[in-house]
Amino acid sequence: MGRIDVLTKNYMKNKKIFADAFNYYIYDGRQVIDPDKLREIDAAAVTVPYGEDGTSLKTQPVHKIRDSFCAVMADDEAVYMLLGIENQTENHFAMPVKNMLYDAMEYAAQVQEAARSHRKAGNYGNRDEFLSGFHKSDRLVPVVTLVIYWGDGEWTGPKSLHDMMDTKNEAVLRFVSNYEINLIVPNELSYEEAEKFASDLGKALMYIKNMQNKNEIKRMITDNRYRTVECETGILLSEIMNFEYHLPKNEEVADMCYAIEMIKKEAVEEAVQAERKAAESAIEIIKKEAVEEAVQAERKVAEEALHEERKAAEEALHEERKAGILYTIELCRDFNMAEDDIEKKITNKYGISKEDARWYMLYIPE
């Protein structure tokens, strides 16, 4: 179990906060459940499935442990409601089955207790009551299980047994009992709804809802309704919202301005990170531009050198060609070839025009 799990579990064991959660959820904020009339009972549920006679064991006992479980007392002896809290820091995708099992085990335990009570008193009732272990006049104490989600996001898990079903066929589902969970999600609360809480629970839930919204946190801290919280709430929020909390000495309330320090620190860190990222990006751009300029310069130098080499090669080739033509003319004249034949020969051999051939022939006088 993580630290936040431990803190939320202990937080909800506070009877004032425990009662406030159910007064909000069941009675729309009216203070009906008195914290002083809550009696904490064993959160471990152990149920032994019973047989036809109410005593014979059919399977192994089932053992489950709730986060918090209290009885609401009508007086010193009579219980008129059983209330259970399940704290969730993450989405639970089998919550309807989990809570349904908790409630069913508690009802089964009540039936078993009724059967034991009748046997002890020797009151077996009629045949049907004897076989049931539960008499016609017996009544069950209502069990209400409430899930509190301590995350700042949406509850994406199922909210009912039908949500978990593989089929959406209404013809089938109308014969499947639909267990719906009772759920409080900070993300779904409004400030108006939060005002219905009598304890710090409403404040805590609203701080969690807005924990990623720094501007809204700043606004809440300047609101006298939200500025101060009880130390227990401050400790819980510091862990969930991840800010350093200094427990005030000899004080029962704490100033949530401590959260401002968290916001400032995070803002500074974000600014530093942004500046560092911008600087790194600028350096990368400069490096890239420098590399591109260097490449362009090298390419230009290479192109100029290639141009000069090509030009020199063309000039050399031209001179070599010119020398070859002139040599051919001289050689042909040495053999006393006719001028027309010489013109024809160099025109065919070197692929030049008659005009150029005549120019070369004039270049070397007869």
# chains A, B, ... in the order shown; residues from 1 in each chain; ligands from 1
>>> select_by_dssp(residues="stretch 176-308 of chain A", states="helix (DSSP H, G or I)", output="PyMOL selection string")
chain A and resi 186-188+191-194+201-209+214-221+224-227+231-241+258-308
>>> closest_residue(among="A:Asp341, A:Asp34, A:Asp152, A:Glu195", to="A:Tyr207", atoms="only C-alpha atoms")
A:Asp152
>>> closest_residue(among="A:Val229, A:Met361, A:Met241, A:Ala274", to="A:Val253", atoms="only C-alpha atoms")
A:Val229
>>> atom_distance(atom1="atom CA of A:Ala323", atom2="atom CA of A:Lys344")
17.6 Å
